[in-house]
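In what follows, a structure is listed as structure tokens, so that the remarks can point back to it.
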Amino acid sequence: MTETAALLRVQHLSIAFGGLRAVHDVSLQVMPGTLSAVIGPNGAGKTTLFALLSGFLTPDSGRVFFNGRDITGQAPHLNARAGMTRTFQIVQPFASQTVLENIAVGAHLREAGRARALAQAAAVAERVGLQTQLNQPAGDLTVAGRKRLELARALATQPQLLLLDEVLAGLNPQEIEGMIPVVRGIADSGVTVLMIEHVMQAVMNLAQHVWVLAQGELIASGTPAEVTAHPTVIEAYLGKGTAARLQATAKTAGKAP
């Protein structure tokens, strides 16, 4: 990876809360047009890392560069306008507004006019499979529907880089199976995607590159097949049984090195 080609470049990023090192000396690069993932056990610092990247937190040390420009500590709305948008693991829609109106909130970042924002929202809804629920109150959606709505609101901002924080969390296997092609379709459309995810089967199916966090530090990176075979990752996160199953999945999919 060359620094000049990276869409997102993170250099030695660290933050601590009291005596807790939440993220420590993390460096990574995300190339344009890729779909990559950050994995790790609960409490590893994954969501804190996303907050640092997107401007919800300011690091104690280190730098974040987006499109070659230093955005370290820049406000989230400015990062969104620059082309970096994130979703949240806990979805909080405007419950009394319709699905279409909720998505239009994201569209208004770039569309000042109401009619154009609503038209953009309708087009995004179709991309994520919500086209039949446009006039439904967002508060009536299922968990899976709310996850799609959160994804749609972020996508409506027309991002270059989309940070997905556990978009599959809380879904049953059938719902996960339905969401995977939606995420893949977003990446195939040219949006660069960096996702935090615990559903390892999805990571194996989607991600081209994976970084593994444990106790705030990067302990491995590589293809999904490479990291699931890494002894440190197996010890810290996966366990031998899970690692073996994922390796078998990678081989079946033709992704094993």
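For the structure tokens, the naming scheme is as follows: chains receive sequential letters (A, B, ...) according to their order of presentation, residues are indexed from 1 within each chain, and ligands are indexed from 1 in presentation order.
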When you look at region 79-92 of chain A with a cut-off of 6 Å (counting only C-alpha atoms), what residues show up, excluding the ones that are within fewer than 4 positions of it in the same chain? I need them as a PDB file with N, CA and C atoms, in the first residue's frame.
```pdb
ATOM      1  N   PRO A 159     -21.536   9.091   0.599  1.00  0.00           N
ATOM      2  CA  PRO A 159     -20.159   9.026   1.115  1.00  0.00           C
ATOM      3  C   PRO A 159     -19.183   8.423   0.121  1.00  0.00           C
ATOM      4  N   GLN A 160     -17.933   8.818   0.265  1.00  0.00           N
ATOM      5  CA  GLN A 160     -16.838   8.093  -0.369  1.00  0.00           C
ATOM      6  C   GLN A 160     -16.421   6.920   0.500  1.00  0.00           C
ATOM      7  N   LEU A 161     -16.417   7.155   1.829  1.00  0.00           N
ATOM      8  CA  LEU A 161     -16.035   6.129   2.799  1.00  0.00           C
ATOM      9  C   LEU A 161     -17.174   5.950   3.781  1.00  0.00           C
ATOM     10  N   LEU A 162     -17.655   4.719   3.910  1.00  0.00           N
ATOM     11  CA  LEU A 162     -18.750   4.390   4.807  1.00  0.00           C
ATOM     12  C   LEU A 162     -18.219   3.506   5.927  1.00  0.00           C
ATOM     13  N   LEU A 163     -18.342   3.986   7.172  1.00  0.00           N
ATOM     14  CA  LEU A 163     -17.915   3.237   8.348  1.00  0.00           C
ATOM     15  C   LEU A 163     -19.136   2.546   8.936  1.00  0.00           C
ATOM     16  N   LEU A 164     -19.164   1.218   8.901  1.00  0.00           N
ATOM     17  CA  LEU A 164     -20.319   0.445   9.370  1.00  0.00           C
ATOM     18  C   LEU A 164     -19.992  -0.189  10.716  1.00  0.00           C
ATOM     19  N   ASP A 165     -20.701   0.245  11.757  1.00  0.00           N
ATOM     20  CA  ASP A 165     -20.464  -0.275  13.108  1.00  0.00           C
ATOM     21  C   ASP A 165     -21.481  -1.367  13.420  1.00  0.00           C
ATOM     22  N   GLU A 166     -21.078  -2.613  13.212  1.00  0.00           N
ATOM     23  CA  GLU A 166     -21.882  -3.799  13.520  1.00  0.00           C
ATOM     24  C   GLU A 166     -23.291  -3.710  12.924  1.00  0.00           C
TER      25      GLU A 166
END
```
Could you give me the residues within region 97-165 of chain A that DSSP places in alpha helix (DSSP H), as a PyMOL selection string? chain A and resi 99-107+114-128+143-155
Using only C-alpha atoms, which protein or nucleic acid residues come within 12 Å of region 170-186 of chain A? Drop anything in the same chain fewer than 3 positions from it, and give the result as a VMD selection string. chain A and resid 33 to 36 89 to 91 124 to 130 142 to 149 151 to 152 154 to 156 158 to 164 166 to 167 189 to 195 197 to 208
Of the candidates A:Val64, A:Trp211, A:Ala117, A:Thr48, which shows the shortest atom-to-atom distance to Pro224 (chain A), using only C-alpha atoms?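 Distance minimum relative to Pro224 (chain A) lands on A:Trp211.
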Taking only region 39-153 of chain A into account, list the residues labelled strand (DSSP E) by DSSP (computed from the backbone), as an NGL selection string. :A and (39 or 61-66 or 69-70 or 84-86)
Residues from the last selection, N, CA and C atoms, saved as a PDB file, in the first residue's frame:
```pdb
ATOM      1  N   ILE A  39     -12.019  -6.349  13.350  1.00  0.00           N
ATOM      2  CA  ILE A  39     -12.641  -7.338  14.226  1.00  0.00           C
ATOM      3  C   ILE A  39     -11.881  -7.378  15.551  1.00  0.00           C
ATOM      4  N   SER A  61      -3.048  11.253  20.843  1.00  0.00           N
ATOM      5  CA  SER A  61      -1.898  11.355  19.940  1.00  0.00           C
ATOM      6  C   SER A  61      -2.227  10.616  18.652  1.00  0.00           C
ATOM      7  N   GLY A  62      -1.455  10.914  17.612  1.00  0.00           N
ATOM      8  CA  GLY A  62      -1.676  10.295  16.316  1.00  0.00           C
ATOM      9  C   GLY A  62      -2.478  11.195  15.393  1.00  0.00           C
ATOM     10  N   ARG A  63      -2.540  10.797  14.104  1.00  0.00           N
ATOM     11  CA  ARG A  63      -3.197  11.613  13.090  1.00  0.00           C
ATOM     12  C   ARG A  63      -4.111  10.754  12.239  1.00  0.00           C
ATOM     13  N   VAL A  64      -5.159  11.410  11.700  1.00  0.00           N
ATOM     14  CA  VAL A  64      -6.085  10.787  10.754  1.00  0.00           C
ATOM     15  C   VAL A  64      -6.090  11.622   9.480  1.00  0.00           C
ATOM     16  N   PHE A  65      -5.825  10.974   8.350  1.00  0.00           N
ATOM     17  CA  PHE A  65      -5.832  11.662   7.061  1.00  0.00           C
ATOM     18  C   PHE A  65      -6.916  11.044   6.176  1.00  0.00           C
ATOM     19  N   PHE A  66      -7.726  11.900   5.566  1.00  0.00           N
ATOM     20  CA  PHE A  66      -8.766  11.453   4.647  1.00  0.00           C
ATOM     21  C   PHE A  66      -8.599  12.192   3.327  1.00  0.00           C
ATOM     22  N   ARG A  69      -5.849  14.732   3.380  1.00  0.00           N
ATOM     23  CA  ARG A  69      -5.950  15.917   4.237  1.00  0.00           C
ATOM     24  C   ARG A  69      -6.059  15.501   5.698  1.00  0.00           C
ATOM     25  N   ASP A  70      -5.358  16.213   6.563  1.00  0.00           N
ATOM     26  CA  ASP A  70      -5.388  15.923   7.995  1.00  0.00           C
ATOM     27  C   ASP A  70      -6.739  16.344   8.562  1.00  0.00           C
ATOM     28  N   MET A  84     -16.926  11.207   4.512  1.00  0.00           N
ATOM     29  CA  MET A  84     -16.816  10.084   5.442  1.00  0.00           C
ATOM     30  C   MET A  84     -18.039  10.059   6.360  1.00  0.00           C
ATOM     31  N   THR A  85     -18.808   8.983   6.292  1.00  0.00           N
ATOM     32  CA  THR A  85     -20.019   8.846   7.096  1.00  0.00           C
ATOM     33  C   THR A  85     -19.978   7.537   7.858  1.00  0.00           C
ATOM     34  N   ARG A  86     -20.535   7.529   9.064  1.00  0.00           N
ATOM     35  CA  ARG A  86     -20.561   6.312   9.867  1.00  0.00           C
ATOM     36  C   ARG A  86     -21.985   5.967  10.279  1.00  0.00           C
TER      37      ARG A  86
END
```
To one decimal place, how far is CA of Leu78 (chain A) from CA of Gly106 (chain A) in Å? 13.5 Å
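Minimum atom-to-atom distances from A:Gly40, A:Gly241, A:Gly113, A:Gly55 to Glu217 (chain A) were compared using only C-alpha atoms, and the lowest value belongs to A:Gly40.
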For His77 (chain A), which residue out of A:Asn135, A:Met31, A:Phe56, A:Gly18 is the nearest one, using only C-alpha atoms? A:Phe56
Proximity to Val212 (chain A) - best of A:Pro32, A:Pro93, A:Pro41, A:Pro59, only C-alpha atoms: A:Pro41
